[in-house]
Amino acid sequence: MAVRVVAAAPLLALLVSSAQQPVPPSVRYGEHVFAGGSPPPAGSLQNPFEGDRQSAAAGEKLFAAFNCDGCHGGGAVGAQGPNLADGRWRYGGGDGAIFHSVYYGRPRGMPAFGGILPPDAIWKLVTYLRTLQPATDEATVSWIR
Amino acid sequence: MRLVATLVVIGSFIVVPPLHHVERGSGGEEFIAVPPLHVVERGPGGEVQQGEGQWTMPAKDYAATRSSGLAAINTGNVQRLRAVWSFSSGVLGGHEGQPLVVNATMYVVTPYPNVLYAFDLTQEGYPLKWKYRPYVSPAAIGMACCDVINRGAVYADGKIVYNLLDGHTVAVDAATGREAWKTTVADVNKGETTPMAPLAVRDRVIVGIAGGEYGVRGWVKGLDLATGRILWTAYNAGPDDDVLARPEVFKPFYDRGADLALKSWPKDAWKTGGAPVWGWLSYDPELDLFYYGTGNPAPYNAEQRPGDNKWATSVLARRPSDGTLVWAYQFTPADNWDYDSVQEMILADLTIKGRTRRVLVHFDKNGFAYTIDRATGEVLVAEPYVPVNWAKRVDLATGRPEVDSSKLTGASHGLVKDICPTLEGGKNQQPAAYSRRTGLFYVPTNNMCMDYQTSEVTYIVGTPFIGLNAPYKPGPGGNLGAFIAWDAAAGRKVWEIREKYPVWSGALVTAGDVVFYGTLDGWFKAADARRGTVLWKFKVGSGVVGNPITFTGADGRQYVAVYAGIGGDWALLSGDVRSDDPADVRPPAAFMPDLARHTSLGGIVWLFAL
């Protein structure tokens, strides 16, 4: 499990209230079926920190400081909330879809963090989660020796 | 003792077993009267006491003994026990809790979304009379720390009363399945969830909340059984007025002074200090006291809440009519290890040092088994029932544990190694049973130790308030669990059955001197209550985390019921037992990597008979 090093309290004071931030546009989920084969129009969300190591490290701190690990476990391997490190996603695995999950929340108990975290902080969380993707999807568990 | 008897009439077309006599109604229709099953009597607390054939409250009786007088199944014939019926609940959450059997109907509450099934035990195949499908907010899934379990219902005054996970208590007409009332008791958006089974005493229903991992402020509430109206709220921490501690009534055995539950916390820490109520309640009609244990103080990092943190990790004795606190005792002051004390308080009369004492017996997460005078809160016996190293002993003069300072935790301590037991406890929610025939308590236990590292954590409404990294390892001997028999007067283990995995099911003991329990890898077992030898076992399809019950069927035969359906903490710790979500694949637990070889999630009600 990851070790928590930062508490949220000092960070909360530094963060800009999301009320001052533009609301992110809707995104399209590649996992969804498109009726008539036609994808609906959607906004585009670009992760400004894509692949940036420093941002990922900051995201890891935020993951602990904002209690994400309380549900998703240290290392995001799953606890009461789902595993976020298995490369598989309930609500879409694109950067924009993950951003939306954190910003607006999801109905099965995922809180919406868009009211207390500015978009930059959420993008850092997304960037961190991206670093946890397994190189290959291991679908098989075997007990044969 | 006033007993009110009601004869319940059931329909015709039933194969009448020899035990029953056939009568004719006024219209000439046949009906059968089955005295042990259908005569509903009321005891001094208003509980239904219809003989041994029914199971009307979670732990069988107010004393929480999980002991049945039925003896048709006994040590001489239990080897012939066989599965006679099963039913999928249609739900995959951990199936903790137990069915009720009242008036030839079996009632089953599922985990979230908390469906209530009523099975007609007079018909072949036990078809449903009705099912009740309430709306339960899915937000509760994320606000429940440890799977979306439910610990069961209680029958009272013709109603089935139970909690929905999202902070509601409902009463459903036991005959028709119609909702009688539904009361919002908790705020799920603040992390308050309601998995516990209510207690019904006279015209009161008593409920509490879970949420020690979300910084709730724990309470119990007394509702009017007829209307569901909330009549009183008693917090477990805060000023005396909120705790319902009145100086002329509240007499804790070891503590003196006002506002104990306020002064034992730093300023305002009690407002998010946990002390939830997610376990079992019991009741003594003569003393008119109900007993319950409280969970951990929040957060886990004890350095954020210096002090004893009363009344977290405690037992409290209150009056059911108005919630007045009469006494309280704290098992683990300034809890450093998440040692919740919500485990059942089993009421018994035991001879201790030559004197008969009215006691409650409690197997705490902290590894000690306590025998306590239930009128005063005086600790009479406190001995470890599993390997314990965080404390050397409990000082009976002060009631306080002698803590090993090398096992103290907190953010500044870093990773503290090898603490026994783990935060899963020597025992967790899995309730023990007590047989007056053998004088023994039958206790499902965990045998694990842990390393423990807490960190500074910020309270953010609607998110976890935990801050913990705590890897587990097997305890001494290597077996992760055991089912034991305990002498609570002497404070000693009488026998044990070692189990490969933690024993997370409850226990049932019968007058046939058979004790039943289930295992995490899906075996349902019967053992000799005096010798501790396993006499019978059956693989039920999923790990057992529910509690067996027994009853007399409409045909006069003795049945044993239990849920299969692994979950609860194991849905988190052994997430590899899940197969229901292709987008959520978990690694196995390092300390029990092969559990998923033997079980997956399930949700099955099983019935067994000779």
# chains A, B, ... in the order shown; residues from 1 in each chain; ligands from 1
>>> closest_atom_pairs(of="chain B", to="chain A", cutoff="6 Å", atoms="only C-alpha atoms", output="JSON lines")
{"residue": "B:Pro138", "atom": "CA", "partner": "A:Arg108", "partner_atom": "CA", "distance": 4.9}
{"residue": "B:Ala139", "atom": "CA", "partner": "A:Gly109", "partner_atom": "CA", "distance": 4.0}
{"residue": "B:Ile141", "atom": "CA", "partner": "A:Gly109", "partner_atom": "CA", "distance": 5.3}
{"residue": "B:Gly142", "atom": "CA", "partner": "A:Gly109", "partner_atom": "CA", "distance": 3.6}
{"residue": "B:Glu456", "atom": "CA", "partner": "A:Ala7", "partner_atom": "CA", "distance": 5.8}
{"residue": "B:Val457", "atom": "CA", "partner": "A:Ala7", "partner_atom": "CA", "distance": 5.4}
{"residue": "B:Thr458", "atom": "CA", "partner": "A:Ala8", "partner_atom": "CA", "distance": 5.5}
{"residue": "B:Pro464", "atom": "CA", "partner": "A:Gly70", "partner_atom": "CA", "distance": 5.2}
{"residue": "B:Leu572", "atom": "CA", "partner": "A:Ala79", "partner_atom": "CA", "distance": 4.5}
{"residue": "B:Ala583", "atom": "CA", "partner": "A:Arg88", "partner_atom": "CA", "distance": 4.6}
{"residue": "B:Asp584", "atom": "CA", "partner": "A:Asn83", "partner_atom": "CA", "distance": 5.5}
>>> residues_around(residues="segment 482-484 of chain B", least_positions_apart="5", cutoff="12 Å", atoms="only C-alpha atoms", output="count of residues only")
56
>>> atom_distance(atom1="atom CA of Pro333 of chain B", atom2="atom CA of Ala470 of chain B")
20.3 Å
>>> select_by_dssp(residues="segment 258-397 of chain B", states="strand (DSSP E or B)", output="VMD selection string")
chain B and resid 274 282 to 284 289 to 293 297 314 to 318 325 to 330 346 to 352 355 to 363 368 to 373 379 to 384 391 to 394
>>> residues_around(residues="segment 269-273 of chain B", least_positions_apart="6", cutoff="9 Å", atoms="only C-alpha atoms", output="PyMOL selection string")
chain B and resi 212+214-218+237-238+261-262+296-299+304-305+309-310+312+459+465
>>> residues_around(residues="Ile209 of chain B", least_positions_apart="6", cutoff="10 Å", atoms="only C-alpha atoms", output="tab-separated table (two decimals) with C-alpha atoms, in the first residue's frame")
chain	number	residue	atom	x	y	z
B	163	ASN	CA	-32.73	-1.10	8.30
B	165	LEU	CA	-28.40	0.67	4.07
B	167	GLY	CA	-30.18	5.42	6.57
B	185	VAL	CA	-32.84	7.90	10.72
B	186	ALA	CA	-29.43	8.72	9.24
B	187	ASP	CA	-27.77	10.97	6.65
B	188	VAL	CA	-26.00	8.82	4.09
B	191	GLY	CA	-21.21	8.66	5.74
B	192	GLU	CA	-23.95	7.38	8.05
B	193	THR	CA	-25.15	3.94	6.91
B	194	THR	CA	-27.40	1.43	8.62
B	195	PRO	CA	-26.40	-2.23	8.28
B	196	MET	CA	-27.22	-3.31	11.85
B	216	VAL	CA	-19.66	10.12	11.81
B	217	ARG	CA	-20.79	10.98	15.32
B	218	GLY	CA	-22.19	7.68	16.57
B	219	TRP	CA	-25.64	7.36	18.12
B	220	VAL	CA	-28.54	5.08	18.93
B	221	LYS	CA	-32.14	6.19	18.39
B	274	GLY	CA	-16.86	7.83	15.11
B	275	ALA	CA	-18.05	5.52	17.93
B	276	PRO	CA	-20.65	3.98	15.60
B	277	VAL	CA	-23.14	1.20	16.37
B	278	TRP	CA	-23.06	-1.49	13.69
B	279	GLY	CA	-23.20	-4.65	15.80
B	294	THR	CA	-19.51	1.07	20.06
B	295	GLY	CA	-16.96	1.11	17.27
>>> residues_around(residues="Lys124 of chain A", least_positions_apart="2", cutoff="12 Å", atoms="only C-alpha atoms", output="PyMOL selection string")
chain A and resi 47-63+95+98-99+102+117-122+126-131
>>> write_last_selection(atoms="C-alpha atoms", output="PDB file, in the first residue's frame")
ATOM      1  CA  ASN A  47      -5.181  16.296 -20.034  1.00  0.00           C
ATOM      2  CA  PRO A  48      -2.668  19.167 -19.736  1.00  0.00           C
ATOM      3  CA  PHE A  49      -0.288  16.949 -17.740  1.00  0.00           C
ATOM      4  CA  GLU A  50      -0.436  13.802 -19.858  1.00  0.00           C
ATOM      5  CA  GLY A  51       2.642  11.689 -19.168  1.00  0.00           C
ATOM      6  CA  ASP A  52       4.201  14.282 -16.852  1.00  0.00           C
ATOM      7  CA  ARG A  53       5.970  12.550 -13.979  1.00  0.00           C
ATOM      8  CA  GLN A  54       5.898  15.462 -11.572  1.00  0.00           C
ATOM      9  CA  SER A  55       2.176  15.842 -12.058  1.00  0.00           C
ATOM     10  CA  ALA A  56       1.713  12.106 -11.467  1.00  0.00           C
ATOM     11  CA  ALA A  57       3.680  12.364  -8.214  1.00  0.00           C
ATOM     12  CA  ALA A  58       1.547  15.309  -7.152  1.00  0.00           C
ATOM     13  CA  GLY A  59      -1.534  13.280  -8.081  1.00  0.00           C
ATOM     14  CA  GLU A  60      -0.387  10.423  -5.878  1.00  0.00           C
ATOM     15  CA  LYS A  61      -0.181  12.825  -2.936  1.00  0.00           C
ATOM     16  CA  LEU A  62      -3.642  14.159  -3.726  1.00  0.00           C
ATOM     17  CA  PHE A  63      -4.955  10.592  -3.934  1.00  0.00           C
ATOM     18  CA  ASP A  95      -8.550  10.708 -19.569  1.00  0.00           C
ATOM     19  CA  ILE A  98     -11.835   9.575 -15.650  1.00  0.00           C
ATOM     20  CA  PHE A  99     -11.809  13.345 -15.175  1.00  0.00           C
ATOM     21  CA  VAL A 102     -13.839  12.514 -10.287  1.00  0.00           C
ATOM     22  CA  LEU A 117     -10.877  20.319  -6.306  1.00  0.00           C
ATOM     23  CA  PRO A 118      -9.961  22.586  -9.225  1.00  0.00           C
ATOM     24  CA  PRO A 119      -9.519  20.972 -12.656  1.00  0.00           C
ATOM     25  CA  ASP A 120      -5.719  21.056 -12.436  1.00  0.00           C
ATOM     26  CA  ALA A 121      -5.756  18.923  -9.288  1.00  0.00           C
ATOM     27  CA  ILE A 122      -8.141  16.429 -10.883  1.00  0.00           C
ATOM     28  CA  VAL A 126      -5.874  11.309 -13.646  1.00  0.00           C
ATOM     29  CA  THR A 127      -2.195  11.478 -14.565  1.00  0.00           C
ATOM     30  CA  TYR A 128      -1.292   9.473 -11.444  1.00  0.00           C
ATOM     31  CA  LEU A 129      -3.906   6.792 -12.168  1.00  0.00           C
ATOM     32  CA  ARG A 130      -2.559   6.511 -15.702  1.00  0.00           C
ATOM     33  CA  THR A 131       0.831   5.463 -14.318  1.00  0.00           C
TER      34      THR A 131
END
